[in-house]
>>> print(open('model.cif').read())   # mmCIF, C-alpha atoms
data_start
loop_
_atom_site.label_atom_id
_atom_site.label_comp_id
_atom_site.auth_asym_id
_atom_site.auth_seq_id
_atom_site.Cartn_x
_atom_site.Cartn_y
_atom_site.Cartn_z
CA MET C 23 1.91 0.94 18.15
CA THR C 24 0.49 -1.00 15.20
CA GLU C 25 -2.30 0.93 13.48
CA LEU C 26 -5.61 -0.47 12.28
CA ALA C 27 -6.21 1.28 8.95
CA TYR C 28 -8.35 1.29 5.81
CA ILE C 29 -8.44 3.06 2.43
CA ALA C 30 -10.73 6.09 2.55
CA PRO C 31 -12.67 5.79 -0.75
CA GLU C 32 -13.17 2.04 -0.22
CA MET C 33 -15.33 2.97 2.78
CA ALA C 34 -17.15 5.90 1.14
CA ASP C 35 -16.48 8.48 -1.58
CA ASP C 36 -17.41 11.20 0.91
CA PHE C 37 -14.42 11.70 3.18
CA GLU C 38 -16.42 12.76 6.22
CA GLU C 39 -18.63 9.67 6.03
CA SER C 40 -15.59 7.48 5.42
CA VAL C 41 -13.77 8.74 8.52
CA ARG C 42 -16.88 8.54 10.70
CA LEU C 43 -17.54 4.93 9.72
CA GLY C 44 -13.89 3.93 10.07
CA VAL C 45 -13.67 5.29 13.59
CA GLU C 46 -16.97 3.59 14.43
CA ALA C 47 -15.40 0.28 13.33
CA GLY C 48 -12.33 0.83 15.51
CA ALA C 49 -9.81 2.38 13.12
CA ARG C 50 -8.06 5.67 13.76
CA SER C 51 -5.84 5.65 10.68
CA VAL C 52 -6.90 6.11 7.08
CA ALA C 53 -4.96 5.83 3.83
CA LEU C 54 -5.66 8.48 1.21
CA ARG C 55 -6.27 7.36 -2.37
CA SER C 56 -7.88 8.89 -5.43
CA ARG C 57 -11.68 9.12 -5.82
CA LEU C 58 -12.29 11.12 -2.67
CA TRP C 59 -15.23 13.37 -3.56
CA GLY C 60 -14.71 12.04 -7.09
CA LYS C 61 -11.24 13.62 -7.36
CA ASN C 62 -7.76 12.31 -7.99
CA LEU C 63 -5.38 13.04 -5.14
CA GLU C 64 -3.36 15.47 -7.24
CA ASP C 65 -6.54 17.44 -7.95
CA LEU C 66 -7.49 18.08 -4.32
CA SER C 67 -7.73 21.83 -3.71
CA ALA C 68 -6.39 23.73 -0.72
CA ALA C 69 -9.97 24.00 0.52
CA ASP C 70 -10.41 20.22 0.16
CA VAL C 71 -7.27 19.60 2.18
CA ASP C 72 -8.30 22.02 4.93
CA ARG C 73 -11.71 20.35 5.12
CA MET C 74 -10.09 16.91 5.36
CA LYS C 75 -7.78 18.03 8.17
CA ALA C 76 -10.77 19.42 10.08
CA ILE C 77 -12.68 16.15 9.63
CA LEU C 78 -9.74 14.09 10.85
CA ALA C 79 -9.30 16.32 13.90
CA GLN C 80 -13.03 16.15 14.70
CA HIS C 81 -12.92 12.34 14.78
CA GLY C 82 -9.50 11.93 16.39
CA ALA C 83 -8.14 10.21 13.28
CA SER C 84 -4.95 10.52 11.26
CA VAL C 85 -3.56 9.62 7.83
CA SER C 86 -1.49 6.44 7.71
CA ALA C 87 -0.21 6.82 4.15
CA VAL C 88 -0.73 8.54 0.82
CA TYR C 89 -1.56 5.98 -1.88
CA SER C 90 -0.27 7.30 -5.17
CA ALA C 91 -0.44 5.63 -8.60
CA VAL C 92 3.26 6.30 -9.23
CA GLY C 93 4.89 3.27 -10.84
CA LYS C 94 1.69 1.70 -12.16
CA CYS C 95 2.68 2.01 -15.80
CA SER C 96 4.94 0.38 -18.36
CA VAL C 97 8.58 0.59 -17.34
CA GLU C 98 9.52 0.34 -21.03
CA ASP C 99 7.84 3.58 -22.16
CA PRO C 100 9.84 6.65 -21.06
CA GLN C 101 7.08 9.10 -21.98
CA GLU C 102 4.47 7.14 -20.05
CA VAL C 103 6.84 6.94 -17.08
CA ALA C 104 7.45 10.69 -17.19
CA ARG C 105 3.71 11.42 -17.15
CA ASN C 106 3.12 8.90 -14.39
CA VAL C 107 5.84 10.03 -11.97
CA ALA C 108 5.04 13.74 -12.43
CA SER C 109 2.53 13.47 -9.58
CA LEU C 110 5.16 12.47 -6.99
CA PRO C 111 5.92 16.04 -5.79
CA ARG C 112 2.22 16.55 -5.04
CA MET C 113 2.09 13.21 -3.20
CA ILE C 114 5.05 14.30 -1.09
CA GLU C 115 3.35 17.61 -0.37
CA LEU C 116 0.19 15.82 0.76
CA ALA C 117 2.20 13.44 2.95
CA HIS C 118 3.86 16.37 4.71
CA THR C 119 0.53 18.17 5.07
CA PHE C 120 -1.19 15.18 6.67
CA GLY C 121 1.72 14.20 8.89
CA THR C 122 2.74 10.87 7.37
CA ASP C 123 6.01 9.79 5.82
CA LEU C 124 4.58 6.83 3.87
CA ILE C 125 3.79 7.08 0.15
CA ARG C 126 2.59 4.01 -1.76
CA VAL C 127 4.15 3.47 -5.18
CA PHE C 128 4.39 0.48 -7.55
CA PRO C 129 7.41 -1.41 -8.98
CA PHE C 130 6.27 -0.80 -12.57
CA GLN C 131 4.78 -3.13 -15.18
CA ARG C 132 5.79 -4.30 -18.63
CA LYS C 133 3.96 -3.92 -21.93
CA GLY C 134 1.46 -6.69 -22.60
CA VAL C 135 1.55 -7.90 -19.00
CA VAL C 136 -0.61 -10.85 -17.98
CA GLU C 137 -1.52 -10.99 -14.29
CA TYR C 138 0.46 -13.58 -12.33
CA GLU C 139 2.48 -14.63 -15.35
CA PRO C 140 5.88 -16.25 -14.61
CA SER C 141 8.26 -13.67 -13.20
CA ARG C 142 9.88 -11.33 -15.72
CA LEU C 143 11.60 -9.21 -13.06
CA ASP C 144 15.19 -10.23 -13.77
CA GLU C 145 15.06 -9.21 -17.43
CA HIS C 146 13.60 -5.80 -16.48
CA LEU C 147 15.41 -5.17 -13.18
CA ASP C 148 17.98 -2.72 -14.54
CA LEU C 149 15.21 -0.63 -16.11
CA VAL C 150 13.11 -0.75 -12.91
CA VAL C 151 16.10 0.49 -10.92
CA ASP C 152 16.79 3.19 -13.50
CA ARG C 153 13.19 4.45 -13.22
CA CYS C 154 12.99 4.14 -9.43
CA ALA C 155 16.37 5.56 -8.42
CA PRO C 156 15.50 9.25 -9.01
CA LEU C 157 12.25 8.78 -7.08
CA VAL C 158 14.12 7.29 -4.13
CA ARG C 159 16.66 10.13 -4.17
CA ARG C 160 13.77 12.62 -4.09
CA ALA C 161 12.23 10.72 -1.17
CA GLU C 162 15.53 10.79 0.71
CA ALA C 163 15.74 14.55 0.27
CA GLU C 164 12.12 15.04 1.37
CA GLY C 165 12.17 12.73 4.40
CA VAL C 166 9.51 10.31 3.14
CA VAL C 167 9.45 6.57 2.46
CA LEU C 168 8.32 5.15 -0.87
CA CYS C 169 6.52 1.87 -0.17
CA LEU C 170 6.53 -0.50 -3.15
CA GLU C 171 3.22 -2.32 -3.47
CA ALA C 172 2.91 -5.45 -5.57
CA VAL C 173 -0.19 -6.26 -7.59
CA GLY C 174 -0.81 -9.12 -10.00
CA SER C 175 0.42 -7.07 -12.96
CA THR C 176 3.60 -5.53 -11.51
CA LEU C 177 7.06 -6.84 -12.29
CA ALA C 178 7.65 -7.67 -8.61
CA ARG C 179 4.84 -9.56 -6.89
CA THR C 180 6.38 -11.33 -3.90
CA ALA C 181 8.24 -10.08 -0.84
CA GLN C 182 11.33 -11.84 -2.18
CA GLU C 183 11.12 -9.94 -5.47
CA LEU C 184 10.44 -6.63 -3.74
CA ARG C 185 13.45 -7.13 -1.48
CA HIS C 186 15.50 -7.85 -4.60
CA VAL C 187 14.41 -4.49 -6.05
CA LEU C 188 15.25 -2.65 -2.82
CA GLN C 189 18.67 -4.27 -2.66
CA ALA C 190 19.33 -3.22 -6.26
CA LEU C 191 18.38 0.32 -5.22
CA GLY C 192 20.99 0.25 -2.47
CA ASP C 193 18.72 -0.54 0.51
CA SER C 194 17.82 3.13 0.97
CA PRO C 195 15.97 4.01 4.20
CA ALA C 196 13.63 6.00 1.94
CA ALA C 197 12.32 2.81 0.32
CA GLY C 198 10.27 -0.02 1.84
CA ILE C 199 7.36 -2.24 0.90
CA VAL C 200 3.66 -2.67 1.35
CA TRP C 201 3.54 -6.38 2.18
CA GLU C 202 0.78 -7.61 -0.12
CA ILE C 203 0.32 -11.01 1.48
CA ASP C 204 -2.56 -12.04 -0.79
CA VAL C 205 -0.73 -11.06 -3.98
CA ALA C 206 2.41 -12.88 -2.87
CA TRP C 207 0.38 -15.96 -1.96
CA ARG C 208 -1.23 -15.98 -5.41
CA ALA C 209 2.26 -15.70 -6.90
CA GLY C 210 3.40 -18.77 -4.94
CA GLU C 211 4.88 -17.23 -1.80
CA PRO C 212 3.01 -18.21 1.42
CA PRO C 213 3.21 -15.92 4.48
CA ARG C 214 5.66 -18.07 6.42
CA GLN C 215 8.09 -18.02 3.51
CA GLY C 216 7.43 -14.39 2.63
CA TYR C 217 8.13 -13.01 6.07
CA GLY C 218 11.78 -13.93 5.81
CA TYR C 219 12.00 -11.42 2.96
CA ALA C 220 9.47 -8.88 4.26
CA ARG C 221 11.12 -8.64 7.66
CA GLY C 222 12.64 -5.24 8.34
CA ILE C 223 11.44 -3.60 5.11
CA THR C 224 7.66 -3.69 5.66
CA ARG C 225 6.09 -0.26 6.20
CA ASP C 226 2.44 -1.17 5.53
CA VAL C 227 0.51 -4.46 5.33
CA HIS C 228 -2.59 -5.17 3.24
CA VAL C 229 -5.26 -7.55 4.49
CA LYS C 230 -7.56 -8.70 1.66
CA PRO C 231 -10.50 -11.13 1.56
CA ASN C 232 -9.42 -14.58 0.40
CA PRO C 233 -11.31 -17.71 1.50
CA GLU C 234 -8.20 -19.80 0.91
CA LEU C 235 -6.04 -17.47 3.03
CA PRO C 236 -8.14 -16.82 6.16
CA LEU C 237 -7.60 -14.02 8.60
CA ALA C 238 -6.99 -16.26 11.60
CA GLY C 239 -6.35 -19.87 12.51
CA ALA C 240 -3.68 -22.50 12.10
CA GLY C 241 -1.62 -22.95 8.96
CA GLU C 242 -0.96 -20.24 6.41
CA THR C 243 -3.15 -17.31 7.51
CA TYR C 244 -2.86 -13.58 7.99
CA GLU C 245 -2.45 -14.34 11.68
CA THR C 246 0.81 -16.13 10.82
CA ALA C 247 2.19 -12.94 9.30
CA ILE C 248 0.80 -10.58 11.92
CA ARG C 249 2.22 -12.64 14.78
CA ALA C 250 5.65 -12.50 13.17
CA LEU C 251 5.39 -8.76 12.59
CA LEU C 252 4.34 -8.04 16.17
CA ALA C 253 7.08 -10.28 17.57
CA ASP C 254 9.61 -8.14 15.69
CA GLY C 255 8.09 -4.89 16.97
CA TYR C 256 6.30 -3.78 13.81
CA GLN C 257 4.75 -0.35 14.36
CA GLY C 258 3.13 0.40 11.00
CA PRO C 259 -0.38 0.13 9.58
CA LEU C 260 -2.40 -3.03 9.06
CA THR C 261 -4.66 -1.89 6.23
CA VAL C 262 -7.82 -3.67 5.09
CA GLU C 263 -8.22 -3.49 1.32
CA HIS C 264 -10.77 -4.50 -1.33
CA TRP C 265 -13.54 -5.65 1.02
CA ARG C 266 -16.14 -4.06 -1.29
CA GLY C 267 -18.26 -1.45 0.40
CA ALA C 268 -18.69 0.12 3.78
CA ASP C 269 -20.38 -2.82 5.52
CA ASN C 270 -17.72 -5.33 4.50
CA THR C 271 -14.88 -2.91 5.18
CA MET C 272 -16.22 -2.19 8.67
CA SER C 273 -16.64 -5.92 9.30
CA ALA C 274 -13.04 -6.53 8.23
CA LEU C 275 -11.79 -3.77 10.54
CA ARG C 276 -13.68 -5.26 13.48
CA GLN C 277 -12.34 -8.74 12.76
CA LEU C 278 -8.79 -7.46 12.42
CA GLY C 279 -9.16 -5.38 15.58
CA ALA C 280 -10.33 -8.45 17.49
CA LEU C 281 -7.35 -10.41 16.22
CA LEU C 282 -4.94 -7.68 17.29
CA ALA C 283 -6.54 -7.53 20.74
CA ARG C 284 -6.12 -11.29 21.09
CA LEU C 285 -2.49 -11.20 19.99
#
>>> encode(input="model.cif", output="structure tokens")
Amino acid sequence: MTELAYIAPEMADDFEESVRLGVEAGARSVALRSRLWGKNLEDLSAADVDRMKAILAQHGASVSAVYSAVGKCSVEDPQEVARNVASLPRMIELAHTFGTDLIRVFPFQRKGVVEYEPSRLDEHLDLVVDRCAPLVRRAEAEGVVLCLEAVGSTLARTAQELRHVLQALGDSPAAGIVWEIDVAWRAGEPPRQGYGYARGITRDVHVKPNPELPLAGAGETYETAIRALLADGYQGPLTVEHWRGADNTMSALRQLGALLARL
């Protein structure tokens, strides 16, 4: 069943408050990202993890995905890449501990990147594949799925570009995408066009505030994408992101929950 989800520290820095408010707003799935109790994910202690598991159990909630920062660095700097990807084993450990197989990663950046600049993916694709391939092999061995998330500064920003990366990586079952509908739209790929590329490789979906890309209604909306996903039997998270604070995040969850109930 499709999961209504949110990103824990975007609701509250305190994990217990975050889970309580999320459940109150109708979500039972939460994505883990750095800044919980002011800590990076890799710095969570065993006691922190045990406390988080107890909080989740108390509220009947679960972890949808582990949101790492792996891949959010310059693909051209081998030392920077090495430092950046060193956290992946800990992300895998946390995924296993919290019972999810989804780990968010990024498809790398280039030096001097300008957000939403014309695509530079093709000239960097071989290097992206070279950096990503060992990560995917590790994911295959560990039974997890690395979900490539596009942002305005990454080399791949649309579903079409992300599919291109996955194809170059051999279409491994250990690699998928976070369909960043807002980012793709800003890069010139509307939801109706993007779904043809996102279909079958989407493992998580982000729903962001954008007055020009409404949640529901006719035309190019999030509803367009969600209808297509549900028609194809999508079972993963629908994750609200960047709604700025607990009140707005809870409102977004309620709106998205109402849309799902209607669909």
>>> atom_distance(input="model.cif", atom1="CA of Gly241 (chain C)", atom2="CA of Pro213 (chain C)")
9.6 Å
>>> closest_residue(input="model.cif", among="C:Leu157, C:Val151, C:Ala49, C:Ala68", to="Asn106 (chain C)", atoms="all atoms listed in the file")
C:Leu157
>>> closest_atom_pairs(input="model.cif", of="region 159-207 of chain C", to="region 133-141 of chain C", cutoff="10 Å", atoms="all atoms listed in the file", output="JSON lines")
{"residue": "C:Val173", "atom": "CA", "partner": "C:Glu137", "partner_atom": "CA", "distance": 8.3}
{"residue": "C:Gly174", "atom": "CA", "partner": "C:Glu137", "partner_atom": "CA", "distance": 4.7}
{"residue": "C:Ser175", "atom": "CA", "partner": "C:Glu137", "partner_atom": "CA", "distance": 4.6}
{"residue": "C:Thr176", "atom": "CA", "partner": "C:Glu137", "partner_atom": "CA", "distance": 8.0}
{"residue": "C:Leu177", "atom": "CA", "partner": "C:Ser141", "partner_atom": "CA", "distance": 7.0}
{"residue": "C:Ala178", "atom": "CA", "partner": "C:Ser141", "partner_atom": "CA", "distance": 7.6}
{"residue": "C:Arg179", "atom": "CA", "partner": "C:Tyr138", "partner_atom": "CA", "distance": 8.1}
{"residue": "C:Thr180", "atom": "CA", "partner": "C:Ser141", "partner_atom": "CA", "distance": 9.8}
{"residue": "C:Glu183", "atom": "CA", "partner": "C:Ser141", "partner_atom": "CA", "distance": 9.0}
{"residue": "C:Val205", "atom": "CA", "partner": "C:Tyr138", "partner_atom": "CA", "distance": 8.8}
{"residue": "C:Ala206", "atom": "CA", "partner": "C:Tyr138", "partner_atom": "CA", "distance": 9.7}
>>> resolve_selection(input="model.cif", expression="the PyMOL selection byres ((chain C and resi 223) around 12)", output="ChimeraX atom specification")
/C:167-171,181-182,184-189,193-201,216-222,224-227,251,254,256-258
>>> write_last_selection(input="model.cif", atoms="C-alpha atoms", output="short mmCIF file (atom, residue, chain, number, x, y, z; two decimals), in the coordinates of the input")
data_model
loop_
_atom_site.label_atom_id
_atom_site.label_comp_id
_atom_site.auth_asym_id
_atom_site.auth_seq_id
_atom_site.Cartn_x
_atom_site.Cartn_y
_atom_site.Cartn_z
CA VAL C 167 9.45 6.57 2.46
CA LEU C 168 8.32 5.15 -0.87
CA CYS C 169 6.52 1.87 -0.17
CA LEU C 170 6.53 -0.50 -3.15
CA GLU C 171 3.22 -2.32 -3.47
CA ALA C 181 8.24 -10.08 -0.84
CA GLN C 182 11.33 -11.84 -2.18
CA LEU C 184 10.44 -6.63 -3.74
CA ARG C 185 13.45 -7.13 -1.48
CA HIS C 186 15.50 -7.85 -4.60
CA VAL C 187 14.41 -4.49 -6.05
CA LEU C 188 15.25 -2.65 -2.82
CA GLN C 189 18.67 -4.27 -2.66
CA ASP C 193 18.72 -0.54 0.51
CA SER C 194 17.82 3.13 0.97
CA PRO C 195 15.97 4.01 4.20
CA ALA C 196 13.63 6.00 1.94
CA ALA C 197 12.32 2.81 0.32
CA GLY C 198 10.27 -0.02 1.84
CA ILE C 199 7.36 -2.24 0.90
CA VAL C 200 3.66 -2.67 1.35
CA TRP C 201 3.54 -6.38 2.18
CA GLY C 216 7.43 -14.39 2.63
CA TYR C 217 8.13 -13.01 6.07
CA GLY C 218 11.78 -13.93 5.81
CA TYR C 219 12.00 -11.42 2.96
CA ALA C 220 9.47 -8.88 4.26
CA ARG C 221 11.12 -8.64 7.66
CA GLY C 222 12.64 -5.24 8.34
CA THR C 224 7.66 -3.69 5.66
CA ARG C 225 6.09 -0.26 6.20
CA ASP C 226 2.44 -1.17 5.53
CA VAL C 227 0.51 -4.46 5.33
CA LEU C 251 5.39 -8.76 12.59
CA ASP C 254 9.61 -8.14 15.69
CA TYR C 256 6.30 -3.78 13.81
CA GLN C 257 4.75 -0.35 14.36
CA GLY C 258 3.13 0.40 11.00
#
>>> atom_distance(input="model.cif", atom1="CA of Leu252 (chain C)", atom2="CA of Gln277 (chain C)")
17.0 Å
>>> closest_residue(input="model.cif", among="C:Leu282, C:Leu58, C:Glu242, C:Leu143", to="Glu211 (chain C)", atoms="all atoms listed in the file")
C:Glu242
>>> axis_aligned_box(input="model.cif", around="region 255-260 of chain C", padding_each_side="5 Å", output="lines of an AutoDock Vina configuration file")
center_x = 2.8
center_y = -2.2
center_z = 13.0
size_x = 20.5
size_y = 15.3
size_z = 17.9
>>> atom_distance(input="model.cif", atom1="CA of Gly60 (chain C)", atom2="CA of Leu124 (chain C)")
22.8 Å
